[in-house]
>>> print(open('data-v6.cif').read())   # mmCIF, C-alpha atoms and all ligand atoms
data_run
loop_
_atom_site.label_atom_id
_atom_site.label_comp_id
_atom_site.auth_asym_id
_atom_site.auth_seq_id
_atom_site.Cartn_x
_atom_site.Cartn_y
_atom_site.Cartn_z
CA LYS A 110 -3.37 -52.80 69.45
CA LEU A 111 -3.30 -49.05 69.06
CA ASN A 112 0.21 -47.87 68.24
CA GLN A 113 1.61 -44.34 68.12
CA ASP A 114 0.32 -43.83 64.56
CA TYR A 115 -3.27 -44.18 65.83
CA LYS A 116 -2.53 -41.52 68.41
CA THR A 117 -1.12 -39.25 65.68
CA ALA A 118 -4.23 -39.80 63.53
CA ALA A 119 -6.58 -39.14 66.44
CA ASP A 120 -4.68 -35.93 67.22
CA PHE A 121 -5.01 -34.89 63.58
CA PHE A 122 -8.79 -35.41 63.77
CA GLN A 123 -8.94 -33.23 66.87
CA ALA A 124 -6.44 -30.53 65.96
CA HIS A 125 -7.62 -29.33 62.57
CA ASP A 126 -10.68 -27.77 61.02
CA ASP A 127 -11.80 -27.13 57.41
CA LEU A 128 -10.61 -30.52 56.21
CA LEU A 129 -10.54 -31.90 52.70
CA LEU A 130 -11.36 -35.63 52.74
CA LEU A 131 -10.20 -37.75 49.79
CA VAL A 132 -10.27 -41.39 48.68
CA HIS A 133 -8.99 -43.26 45.63
CA GLU A 134 -10.65 -42.76 42.25
CA LYS A 135 -13.41 -45.21 41.26
CA PRO A 136 -14.26 -45.48 44.97
CA ASP A 137 -15.36 -48.85 46.39
CA GLY A 138 -17.23 -49.75 49.57
CA ASP A 139 -14.20 -49.43 51.81
CA ALA A 140 -13.09 -46.08 50.40
CA LEU A 141 -16.60 -44.62 50.76
CA GLY A 142 -17.36 -46.31 54.06
CA SER A 143 -14.13 -45.11 55.68
CA VAL A 144 -14.27 -41.52 54.45
CA LEU A 145 -17.97 -41.10 55.27
CA ALA A 146 -17.56 -42.62 58.73
CA ALA A 147 -14.67 -40.21 59.31
CA ALA A 148 -16.81 -37.34 58.03
CA HIS A 149 -19.45 -38.21 60.63
CA LEU A 150 -16.87 -38.37 63.42
CA LEU A 151 -15.28 -35.07 62.37
CA GLN A 152 -18.66 -33.34 62.18
CA LYS A 153 -19.39 -34.55 65.69
CA LEU A 154 -16.11 -32.94 66.73
CA GLY A 155 -17.48 -29.71 65.23
CA LYS A 156 -15.26 -29.71 62.13
CA THR A 157 -16.14 -28.60 58.62
CA VAL A 158 -15.38 -31.23 55.96
CA THR A 159 -15.31 -31.18 52.16
CA LEU A 160 -15.74 -34.47 50.31
CA VAL A 161 -14.24 -34.73 46.83
CA ASN A 162 -13.78 -37.50 44.27
CA ASP A 163 -12.96 -37.64 40.55
CA ASP A 164 -15.75 -40.09 39.83
CA PRO A 165 -19.50 -40.15 40.45
CA ILE A 166 -20.50 -42.29 43.45
CA PRO A 167 -21.98 -45.64 42.29
CA ASP A 168 -25.77 -45.77 42.81
CA LYS A 169 -25.54 -48.78 45.10
CA PHE A 170 -23.57 -46.70 47.63
CA MET A 171 -25.86 -43.67 47.60
CA PHE A 172 -27.71 -45.00 50.66
CA LEU A 173 -24.62 -44.29 52.76
CA PRO A 174 -25.29 -41.23 54.92
CA LEU A 175 -23.50 -38.12 53.49
CA ALA A 176 -22.76 -39.87 50.14
CA ASP A 177 -24.71 -37.07 48.43
CA ARG A 178 -22.19 -34.54 49.69
CA PHE A 179 -19.41 -35.53 47.27
CA GLN A 180 -18.24 -32.94 44.79
CA LEU A 181 -16.04 -33.20 41.70
CA PRO A 182 -12.65 -31.44 42.04
CA GLU A 183 -13.76 -28.95 39.37
CA GLN A 184 -16.64 -27.83 41.60
CA VAL A 185 -14.38 -26.84 44.47
CA ALA A 186 -12.52 -23.51 44.60
CA GLY A 187 -9.17 -22.98 46.27
CA LYS A 188 -6.74 -25.35 47.90
CA PHE A 189 -6.73 -27.01 51.31
CA ASP A 190 -4.03 -26.94 54.00
CA ARG A 191 -5.52 -29.82 55.99
CA VAL A 192 -6.22 -33.04 54.13
CA ILE A 193 -6.98 -36.64 55.05
CA SER A 194 -6.82 -39.40 52.46
CA PHE A 195 -8.45 -42.80 53.01
CA ASP A 196 -7.91 -46.22 51.39
CA CYS A 197 -5.42 -44.83 48.91
CA GLY A 198 -1.92 -46.27 48.48
CA ASP A 199 -0.30 -43.50 46.49
CA ARG A 200 -0.92 -39.93 45.43
CA LYS A 201 -1.52 -40.91 41.80
CA ARG A 202 -4.68 -42.80 42.79
CA LEU A 203 -6.23 -39.58 44.11
CA GLY A 204 -6.40 -38.48 40.48
CA ARG A 205 -7.36 -34.88 39.67
CA SER A 206 -8.58 -34.39 43.24
CA ALA A 207 -4.93 -34.14 44.36
CA SER A 208 -4.82 -30.72 42.70
CA LEU A 209 -6.83 -29.37 45.68
CA ILE A 210 -4.00 -30.18 48.10
CA ALA A 211 -1.95 -27.05 48.90
CA GLU A 212 1.81 -27.29 48.43
CA SER A 213 2.50 -26.94 52.15
CA ALA A 214 -0.53 -28.98 53.30
CA HIS A 215 -0.58 -31.31 56.29
CA LEU A 216 -1.76 -34.58 54.77
CA LEU A 217 -2.80 -37.56 56.89
CA ASN A 218 -2.68 -40.83 54.93
CA VAL A 219 -4.98 -43.50 56.43
CA ASP A 220 -4.69 -46.80 54.58
CA HIS A 221 -4.05 -50.56 54.63
CA HIS A 222 -2.42 -51.34 51.26
CA VAL A 223 0.97 -53.13 51.37
CA THR A 224 2.01 -51.02 48.42
CA ASN A 225 1.34 -47.74 50.29
CA ASP A 226 4.27 -45.38 49.68
CA LYS A 227 3.57 -43.19 52.76
CA PHE A 228 2.86 -40.09 50.69
CA GLY A 229 1.36 -38.20 53.66
CA THR A 230 3.10 -35.79 55.99
CA GLU A 231 1.54 -38.06 58.63
CA ASN A 232 0.81 -41.72 57.91
CA LEU A 233 -1.40 -44.30 59.56
CA VAL A 234 -0.78 -47.31 57.36
CA ASP A 235 -1.91 -50.48 59.14
CA LEU A 236 -1.10 -53.50 57.02
CA GLU A 237 -2.87 -55.81 59.44
CA ALA A 238 -6.20 -54.12 58.84
CA ALA A 239 -8.53 -55.93 56.43
CA ALA A 240 -10.17 -52.62 55.54
CA THR A 241 -9.59 -48.91 56.03
CA CYS A 242 -12.95 -48.99 57.84
CA GLN A 243 -11.33 -51.16 60.50
CA ILE A 244 -8.69 -48.43 60.99
CA VAL A 245 -11.32 -45.69 61.24
CA PHE A 246 -13.20 -47.74 63.84
CA LYS A 247 -9.98 -47.85 65.88
CA ILE A 248 -9.41 -44.11 65.45
CA ALA A 249 -12.89 -43.57 66.92
CA TYR A 250 -11.92 -45.86 69.79
CA GLN A 251 -8.71 -43.89 70.32
CA LEU A 252 -10.82 -40.69 70.36
CA GLN A 253 -13.20 -42.37 72.83
CA MET A 254 -16.10 -41.41 70.58
CA GLU A 255 -19.49 -43.12 70.48
CA ILE A 256 -20.30 -44.69 67.12
CA ASP A 257 -23.84 -43.81 66.01
CA LEU A 258 -25.94 -45.77 63.50
CA ASP A 259 -24.89 -43.65 60.49
CA THR A 260 -21.20 -44.09 61.26
CA ALA A 261 -21.71 -47.80 61.96
CA THR A 262 -23.51 -48.27 58.62
CA CYS A 263 -20.56 -46.77 56.76
CA LEU A 264 -17.98 -48.81 58.67
CA TYR A 265 -19.88 -52.07 58.27
CA THR A 266 -20.18 -51.53 54.51
CA GLY A 267 -16.42 -51.23 54.01
CA LEU A 268 -15.56 -54.08 56.35
CA MET A 269 -17.97 -56.26 54.44
CA THR A 270 -16.87 -55.32 50.90
CA ASP A 271 -13.10 -55.52 51.52
CA THR A 272 -13.45 -58.98 53.07
CA GLY A 273 -15.68 -60.17 50.21
CA GLY A 274 -18.60 -60.51 52.60
CA PHE A 275 -16.41 -61.82 55.45
CA ARG A 276 -15.02 -64.62 53.29
CA TYR A 277 -11.48 -63.62 52.20
CA SER A 278 -8.31 -64.59 54.06
CA ASN A 279 -8.22 -61.13 55.70
CA THR A 280 -11.34 -61.99 57.74
CA SER A 281 -9.80 -61.97 61.22
CA GLU A 282 -11.18 -62.30 64.71
CA GLU A 283 -10.89 -58.54 65.10
CA VAL A 284 -12.88 -57.94 61.91
CA LEU A 285 -15.75 -60.07 63.17
CA LEU A 286 -15.62 -58.53 66.65
CA ILE A 287 -15.85 -55.04 65.14
CA ALA A 288 -18.67 -56.16 62.83
CA ALA A 289 -20.54 -57.56 65.84
CA ASN A 290 -19.98 -54.31 67.72
CA LEU A 291 -21.44 -52.37 64.77
CA LEU A 292 -24.55 -54.57 64.90
CA THR A 293 -25.10 -53.43 68.47
CA LYS A 294 -25.42 -49.88 67.03
CA GLY A 295 -28.37 -51.02 64.95
CA VAL A 296 -26.76 -51.97 61.63
CA SER A 297 -28.88 -54.35 59.56
CA PRO A 298 -26.41 -56.71 57.86
CA TYR A 299 -28.91 -58.30 55.52
CA LYS A 300 -30.06 -54.94 54.12
CA ILE A 301 -26.50 -53.82 53.46
CA VAL A 302 -25.29 -57.05 51.85
CA ASP A 303 -28.42 -57.18 49.69
CA ARG A 304 -27.95 -53.62 48.41
CA VAL A 305 -24.21 -53.72 47.94
CA MET A 306 -23.27 -57.31 47.06
CA GLU A 307 -26.30 -59.39 46.08
CA THR A 308 -28.29 -57.05 43.86
CA ILE A 309 -27.04 -56.75 40.28
CA SER A 310 -28.45 -54.79 37.37
CA TRP A 311 -29.73 -56.46 34.20
CA PRO A 312 -26.83 -55.02 32.13
CA GLN A 313 -24.46 -56.46 34.71
CA LEU A 314 -25.89 -59.94 34.21
CA LEU A 315 -25.67 -59.56 30.41
CA LEU A 316 -22.04 -58.54 30.84
CA ILE A 317 -21.33 -61.59 33.01
CA ARG A 318 -22.75 -63.77 30.21
CA ALA A 319 -20.56 -62.10 27.60
CA ALA A 320 -17.45 -62.17 29.78
CA LEU A 321 -17.81 -65.88 30.58
CA ASP A 322 -17.66 -66.51 26.85
CA THR A 323 -14.06 -65.26 26.90
CA LEU A 324 -12.77 -67.53 29.68
CA GLY A 325 -9.18 -68.65 29.25
CA ARG A 326 -6.92 -70.94 31.26
CA ASP A 327 -3.20 -71.78 31.01
CA ASP A 328 -1.83 -75.30 30.52
CA SER A 329 -1.09 -75.75 34.22
CA GLY A 330 -4.67 -74.88 35.14
CA GLN A 331 -3.36 -72.48 37.79
CA ILE A 332 -4.10 -69.26 35.92
CA ALA A 333 -7.49 -68.37 34.47
CA TRP A 334 -8.84 -65.11 33.08
CA VAL A 335 -11.70 -63.19 31.49
CA THR A 336 -11.59 -60.38 28.96
CA ILE A 337 -13.98 -57.46 28.76
CA THR A 338 -13.90 -55.26 25.68
CA ARG A 339 -15.44 -51.79 25.30
CA GLN A 340 -17.90 -53.28 22.86
CA MET A 341 -19.10 -55.87 25.38
CA VAL A 342 -19.83 -53.18 27.96
CA ASP A 343 -21.63 -51.05 25.36
CA THR A 344 -23.69 -53.96 24.02
CA ALA A 345 -24.77 -54.95 27.53
CA GLY A 346 -25.74 -51.33 28.15
CA GLY A 347 -23.60 -51.30 31.25
CA CYS A 348 -20.97 -49.08 32.78
CA ASP A 349 -17.47 -49.60 34.14
CA GLU A 350 -18.57 -50.43 37.65
CA ASP A 351 -20.53 -53.40 36.28
CA VAL A 352 -17.20 -55.08 35.54
CA GLU A 353 -16.30 -55.29 39.23
CA GLY A 354 -16.40 -58.84 40.58
CA LEU A 355 -15.98 -60.58 37.22
CA VAL A 356 -12.42 -61.52 38.16
CA ASN A 357 -13.80 -63.82 40.86
CA TYR A 358 -15.18 -66.28 38.30
CA PRO A 359 -11.76 -67.39 37.02
CA ARG A 360 -10.25 -67.07 40.52
CA ASN A 361 -12.79 -69.40 42.06
CA VAL A 362 -12.13 -72.29 39.69
CA GLU A 363 -10.75 -75.40 41.36
CA GLY A 364 -6.96 -75.57 40.95
CA VAL A 365 -6.60 -71.93 39.94
CA GLU A 366 -4.12 -69.88 41.97
CA VAL A 367 -4.42 -66.58 40.09
CA GLY A 368 -7.56 -65.19 38.45
CA ILE A 369 -7.21 -62.19 36.17
CA SER A 370 -9.59 -59.85 34.35
CA PHE A 371 -8.50 -57.72 31.41
CA ARG A 372 -10.74 -54.78 30.69
CA GLU A 373 -10.36 -52.29 27.88
CA SER A 374 -11.08 -49.07 29.82
CA SER A 375 -10.49 -46.90 26.76
CA PRO A 376 -8.82 -47.61 23.41
CA GLY A 377 -5.24 -48.67 24.13
CA ARG A 378 -5.67 -48.70 27.92
CA ILE A 379 -6.19 -52.01 29.68
CA LYS A 380 -7.23 -52.27 33.34
CA VAL A 381 -5.94 -55.52 34.81
CA SER A 382 -7.36 -56.98 38.04
CA PHE A 383 -5.58 -59.79 39.88
CA ARG A 384 -6.91 -62.13 42.56
CA SER A 385 -4.85 -64.95 44.07
CA LYS A 386 -5.78 -67.71 46.47
CA TYR A 387 -2.88 -68.92 48.59
CA VAL A 388 0.66 -68.11 47.57
CA VAL A 389 1.20 -65.67 44.73
CA ASP A 390 1.75 -62.04 45.82
CA VAL A 391 -0.24 -60.27 43.11
CA GLY A 392 0.30 -56.91 44.85
CA ALA A 393 4.00 -57.19 44.03
CA ILE A 394 3.23 -58.07 40.40
CA ALA A 395 0.76 -55.17 40.05
CA LEU A 396 3.38 -52.84 41.54
CA GLU A 397 5.89 -53.94 38.86
CA PHE A 398 3.32 -52.89 36.27
CA GLY A 399 2.82 -49.47 37.88
CA GLY A 400 -0.27 -50.38 39.95
CA GLY A 401 -0.63 -51.79 43.44
CA GLY A 402 -2.95 -53.39 45.97
CA HIS A 403 -2.79 -56.29 48.39
CA ALA A 404 -1.11 -59.71 48.29
CA ARG A 405 -4.38 -61.41 47.26
CA ALA A 406 -6.14 -58.59 45.36
CA ALA A 407 -4.43 -56.01 43.20
CA GLY A 408 -4.68 -54.09 39.95
CA CYS A 409 -2.93 -51.90 37.42
CA THR A 410 -3.58 -50.15 34.11
CA LEU A 411 -1.35 -50.84 31.10
CA GLU A 412 -1.04 -49.06 27.77
CA GLY A 413 -1.17 -51.17 24.61
CA GLU A 414 -3.23 -53.55 22.55
CA LEU A 415 -5.33 -56.04 24.49
CA SER A 416 -3.51 -59.09 23.09
CA ALA A 417 -0.05 -57.62 23.77
CA VAL A 418 -0.96 -56.69 27.35
CA GLN A 419 -2.42 -60.14 27.91
CA GLU A 420 0.71 -61.84 26.65
CA LYS A 421 2.98 -59.73 28.86
CA VAL A 422 0.89 -60.10 32.01
CA LEU A 423 0.25 -63.83 31.58
CA ALA A 424 3.99 -64.43 31.07
CA ARG A 425 4.79 -62.60 34.33
CA VAL A 426 2.05 -64.35 36.32
CA GLY A 427 3.11 -67.71 34.87
CA GLU A 428 6.63 -67.09 36.17
CA ALA A 429 5.29 -66.22 39.63
CA VAL A 430 3.07 -69.29 39.78
CA ARG A 431 5.94 -71.59 38.71
CA SER A 432 8.43 -70.15 41.19
CA ASN A 433 5.93 -70.33 44.03
CA THR A 434 5.03 -73.92 43.22
CA ALA A 435 8.72 -74.83 43.05
CA HIS A 436 9.20 -73.15 46.41
CA LEU A 437 6.37 -75.19 47.91
CA GLU A 438 7.81 -78.43 46.55
CA GLU A 439 11.18 -77.61 48.08
CA LYS A 440 9.54 -77.21 51.46
CA GLU A 441 7.87 -80.60 51.38
P1 LIG B 501 -9.59 -54.04 41.71
O1 LIG B 501 -8.95 -55.13 40.94
O2 LIG B 501 -10.86 -54.48 42.37
O3 LIG B 501 -9.74 -52.77 40.92
O4 LIG B 501 -8.58 -53.66 42.87
C1 LIG B 501 -8.07 -54.60 43.77
C2 LIG B 501 -7.12 -53.95 44.73
O5 LIG B 501 -6.00 -53.42 44.05
C3 LIG B 501 -7.74 -52.78 45.48
O6 LIG B 501 -7.30 -52.84 46.82
C4 LIG B 501 -7.21 -51.56 44.80
O7 LIG B 501 -7.05 -50.53 45.72
C5 LIG B 501 -5.89 -52.02 44.21
N1 LIG B 501 -5.70 -51.45 42.87
C6 LIG B 501 -6.43 -51.69 41.76
N2 LIG B 501 -5.96 -50.99 40.70
C7 LIG B 501 -4.92 -50.27 41.16
C8 LIG B 501 -4.01 -49.34 40.54
O8 LIG B 501 -4.06 -49.03 39.35
N3 LIG B 501 -3.06 -48.81 41.36
C9 LIG B 501 -2.94 -49.13 42.69
N4 LIG B 501 -1.99 -48.56 43.41
N5 LIG B 501 -3.78 -50.01 43.28
C10 LIG B 501 -4.74 -50.57 42.55
MN MN B 502 -10.50 -49.51 47.95
MN MN B 503 -9.60 -51.01 51.29
#
>>> encode(input="data-v6.cif", output="structure tokens")
Amino acid sequence: KLNQDYKTAADFFQAHDDLLLLVHEKPDGDALGSVLAAAHLLQKLGKTVTLVNDDPIPDKFMFLPLADRFQLPEQVAGKFDRVISFDCGDRKRLGRSASLIAESAHLLNVDHHVTNDKFGTENLVDLEAAATCQIVFKIAYQLQMEIDLDTATCLYTGLMTDTGGFRYSNTSEEVLLIAANLLTKGVSPYKIVDRVMETISWPQLLLIRAALDTLGRDDSGQIAWVTITRQMVDTAGGCDEDVEGLVNYPRNVEGVEVGISFRESSPGRIKVSFRSKYVVDVGAIALEFGGGGHARAAGCTLEGELSAVQEKVLARVGEAVRSNTAHLEEKE
């Protein structure tokens, strides 16, 4: 299923040179996998690419070929007329890096978030894709380009992380067919899953212990959450990326529909992560709070005291859970 937007994106890859490639801040496996796979494809087409992100690349992703080529926006002079953004739903999530986009730039927006606001001059937003890596694979197909091992490694990493290791509800037949195709290029799935998903640092384990001590659950048993304070991260000796994945503990509890993590990212700023199981559209809730994401995984950042933010968010999620349950009962 390659629609006109894939054609447009493939043309963009072929038509332009000296490209700035961007992804969302605090990049994850899909953001890095998709942009680095695209960088490989573009280099094969003879193009010059510049890779920029606001944040340092997490150590666990440094094995991805070309990951060492990322620069901070401050290290790059001038502005770019040709830009491609990957795995990013709105311009705000590009952070400071957006300052490198020239006023009149052609910007291709390649993404799969429902909350994508089509901020590009050209947009390939495929809501059926489980990962942006899936979209980049299909762009390569549209371009009739061979996928080499380096490109395949990047694509496999993002497909794997955005499907939670091929476990979430977005794990489709197409995802597994693409994954299988990438294995034929020489990808070693065990090595990648071990590096990216199984291995945790000691501070990360200490942080899990501390976070589990804060577990909360509402009266209905359908909402559960964890709280991570600055002090907990400091005491564990960890960093922000160690917090990733903690939200799955409350989410996975039997009977829970929505799992939430509340993390104090700096004094007075609370990063909220949402995960739902079957019915609640947490992407819509995150959007109401100024964030975004997918129906089953989303996030936002709120200003205020931890307890006040918790109260506000839990009230809103409680409402969503009740109305969805009522809706289900009506149907029966
Ligand atoms: P996480 O909770 O792991 O940070 O993010 C889950 C999903 O929600 C990801 O797909 C991510 O792109 C999206 N997301 C998380 N935080 C934000 C945010 O502040 N704004 C937007 N637009 N999306 C977010
Ligand atoms: Mn992402
Ligand atoms: Mn993604």
>>> atom_distance(input="data-v6.cif", atom1="atom CA of Gln113 of chain A", atom2="atom CA of Glu237 of chain A")
15.1 Å
>>> residues_near_ligand(input="data-v6.cif", ligand="ligand MN 502 (chain B)", cutoff="6 Å", atoms="only C-alpha atoms and all ligand atoms", output="PyMOL selection string")
chain A and resi 137+139-140+196
>>> axis_aligned_box(input="data-v6.cif", around="segment 271-290 of chain A", padding_each_side="5 Å", output="AutoDock Vina command-line options")
--center_x -14.4 --center_y -59.5 --center_z 59.0 --size_x 22.3 --size_y 20.3 --size_z 27.5
>>> residues_around(input="data-v6.cif", residues="segment 418-422 of chain A", least_positions_apart="5", cutoff="9 Å", atoms="only C-alpha atoms", output="JSON, numbers by chain")
{"A": [371, 379, 381, 394, 398, 411, 412, 413, 427]}
>>> residues_near_ligand(input="data-v6.cif", ligand="ligand MN 503 (chain B)", cutoff="8 Å", atoms="only C-alpha atoms and all ligand atoms", output="PyMOL selection string")
chain A and resi 137-140+196-197+220-222+239-242+267+271
>>> write_last_selection(input="data-v6.cif", atoms="C-alpha atoms", output="PDB file, keeping the file's coordinate frame")
ATOM      1  CA  ASP A 137     -15.360 -48.850  46.390  1.00  0.00           C
ATOM      2  CA  GLY A 138     -17.230 -49.750  49.570  1.00  0.00           C
ATOM      3  CA  ASP A 139     -14.200 -49.430  51.810  1.00  0.00           C
ATOM      4  CA  ALA A 140     -13.090 -46.080  50.400  1.00  0.00           C
ATOM      5  CA  ASP A 196      -7.910 -46.220  51.390  1.00  0.00           C
ATOM      6  CA  CYS A 197      -5.420 -44.830  48.910  1.00  0.00           C
ATOM      7  CA  ASP A 220      -4.690 -46.800  54.580  1.00  0.00           C
ATOM      8  CA  HIS A 221      -4.050 -50.560  54.630  1.00  0.00           C
ATOM      9  CA  HIS A 222      -2.420 -51.340  51.260  1.00  0.00           C
ATOM     10  CA  ALA A 239      -8.530 -55.930  56.430  1.00  0.00           C
ATOM     11  CA  ALA A 240     -10.170 -52.620  55.540  1.00  0.00           C
ATOM     12  CA  THR A 241      -9.590 -48.910  56.030  1.00  0.00           C
ATOM     13  CA  CYS A 242     -12.950 -48.990  57.840  1.00  0.00           C
ATOM     14  CA  GLY A 267     -16.420 -51.230  54.010  1.00  0.00           C
ATOM     15  CA  ASP A 271     -13.100 -55.520  51.520  1.00  0.00           C
TER      16      ASP A 271
END
>>> residues_near_ligand(input="data-v6.cif", ligand="ligand LIG 501 (chain B)", cutoff="8 Å", atoms="only C-alpha atoms and all ligand atoms", output="ChimeraX atom specification")
/A:133,196-199,201-202,222,224-225,271,353-354,356,380-384,392,395-396,399-403,406-410
>>> closest_residue(input="data-v6.cif", among="A:Lys300, A:Arg360, A:Lys227, A:Lys294", to="Arg200 of chain A", atoms="only C-alpha atoms")
A:Lys227
>>> residues_around(input="data-v6.cif", residues="Lys247 of chain A", least_positions_apart="2", cutoff="12 Å", atoms="all atoms listed in the file", output="count of residues only")
34
>>> atom_distance(input="data-v6.cif", atom1="atom CA of Asp343 of chain A", atom2="atom CA of Val305 of chain A")
22.9 Å
>>> residues_near_point(input="data-v6.cif", point="(-15.3, -28.0, 45.8)", cutoff="10 Å", atoms="all atoms listed in the file", output="JSON list (two decimals) with C-alpha atoms, in the frame of the given file")
[["chain", "number", "residue", "atom", "x", "y", "z"],
["A", 129, "LEU", "CA", -10.54, -31.90, 52.70],
["A", 159, "THR", "CA", -15.31, -31.18, 52.16],
["A", 160, "LEU", "CA", -15.74, -34.47, 50.31],
["A", 161, "VAL", "CA", -14.24, -34.73, 46.83],
["A", 162, "ASN", "CA", -13.78, -37.50, 44.27],
["A", 179, "PHE", "CA", -19.41, -35.53, 47.27],
["A", 180, "GLN", "CA", -18.24, -32.94, 44.79],
["A", 181, "LEU", "CA", -16.04, -33.20, 41.70],
["A", 182, "PRO", "CA", -12.65, -31.44, 42.04],
["A", 183, "GLU", "CA", -13.76, -28.95, 39.37],
["A", 184, "GLN", "CA", -16.64, -27.83, 41.60],
["A", 185, "VAL", "CA", -14.38, -26.84, 44.47],
["A", 186, "ALA", "CA", -12.52, -23.51, 44.60],
["A", 187, "GLY", "CA", -9.17, -22.98, 46.27],
["A", 188, "LYS", "CA", -6.74, -25.35, 47.90],
["A", 206, "SER", "CA", -8.58, -34.39, 43.24],
["A", 209, "LEU", "CA", -6.83, -29.37, 45.68]]
>>> atom_distance(input="data-v6.cif", atom1="atom CA of Gly346 of chain A", atom2="atom CA of Ser374 of chain A")
14.9 Å
>>> residues_near_point(input="data-v6.cif", point="(-11.9, -69.7, 39.1)", cutoff="12 Å", atoms="only C-alpha atoms", output="NGL selection string")
:A and (321 or 324-326 or 330-335 or 354-370 or 383-386)
>>> closest_residue(input="data-v6.cif", among="A:Arg191, A:Lys135, A:Arg339, A:Arg425", to="Gly204 of chain A", atoms="all atoms listed in the file")
A:Lys135
>>> build_atoms(input="data-v6.cif", residues="segment 190-202 of chain A", atoms="N, CA and C atoms", output="PDB file, keeping the file's coordinate frame")
ATOM      1  N   ASP A 190      -5.257 -26.765  53.216  1.00  0.00           N
ATOM      2  CA  ASP A 190      -4.030 -26.940  54.000  1.00  0.00           C
ATOM      3  C   ASP A 190      -4.093 -28.166  54.898  1.00  0.00           C
ATOM      4  N   ARG A 191      -5.338 -28.684  55.089  1.00  0.00           N
ATOM      5  CA  ARG A 191      -5.520 -29.820  55.990  1.00  0.00           C
ATOM      6  C   ARG A 191      -6.286 -30.887  55.221  1.00  0.00           C
ATOM      7  N   VAL A 192      -5.642 -32.019  55.007  1.00  0.00           N
ATOM      8  CA  VAL A 192      -6.220 -33.040  54.130  1.00  0.00           C
ATOM      9  C   VAL A 192      -6.080 -34.419  54.778  1.00  0.00           C
ATOM     10  N   ILE A 193      -7.117 -35.243  54.652  1.00  0.00           N
ATOM     11  CA  ILE A 193      -6.980 -36.640  55.050  1.00  0.00           C
ATOM     12  C   ILE A 193      -7.362 -37.512  53.860  1.00  0.00           C
ATOM     13  N   SER A 194      -6.527 -38.484  53.554  1.00  0.00           N
ATOM     14  CA  SER A 194      -6.820 -39.400  52.460  1.00  0.00           C
ATOM     15  C   SER A 194      -7.053 -40.799  53.035  1.00  0.00           C
ATOM     16  N   PHE A 195      -8.064 -41.487  52.501  1.00  0.00           N
ATOM     17  CA  PHE A 195      -8.450 -42.800  53.010  1.00  0.00           C
ATOM     18  C   PHE A 195      -8.363 -43.871  51.918  1.00  0.00           C
ATOM     19  N   ASP A 196      -7.893 -45.052  52.287  1.00  0.00           N
ATOM     20  CA  ASP A 196      -7.910 -46.220  51.390  1.00  0.00           C
ATOM     21  C   ASP A 196      -7.162 -45.991  50.086  1.00  0.00           C
ATOM     22  N   CYS A 197      -6.129 -45.171  50.135  1.00  0.00           N
ATOM     23  CA  CYS A 197      -5.420 -44.830  48.910  1.00  0.00           C
ATOM     24  C   CYS A 197      -3.924 -45.040  49.121  1.00  0.00           C
ATOM     25  N   GLY A 198      -3.302 -45.865  48.269  1.00  0.00           N
ATOM     26  CA  GLY A 198      -1.920 -46.270  48.480  1.00  0.00           C
ATOM     27  C   GLY A 198      -0.882 -45.311  47.948  1.00  0.00           C
ATOM     28  N   ASP A 199      -1.265 -44.484  47.001  1.00  0.00           N
ATOM     29  CA  ASP A 199      -0.300 -43.500  46.490  1.00  0.00           C
ATOM     30  C   ASP A 199      -1.051 -42.296  45.920  1.00  0.00           C
ATOM     31  N   ARG A 200      -0.326 -41.216  45.810  1.00  0.00           N
ATOM     32  CA  ARG A 200      -0.920 -39.930  45.430  1.00  0.00           C
ATOM     33  C   ARG A 200      -1.592 -39.994  44.052  1.00  0.00           C
ATOM     34  N   LYS A 201      -0.995 -40.797  43.169  1.00  0.00           N
ATOM     35  CA  LYS A 201      -1.520 -40.910  41.800  1.00  0.00           C
ATOM     36  C   LYS A 201      -2.972 -41.384  41.798  1.00  0.00           C
ATOM     37  N   ARG A 202      -3.316 -42.255  42.755  1.00  0.00           N
ATOM     38  CA  ARG A 202      -4.680 -42.800  42.790  1.00  0.00           C
ATOM     39  C   ARG A 202      -5.721 -41.797  43.288  1.00  0.00           C
TER      40      ARG A 202
END
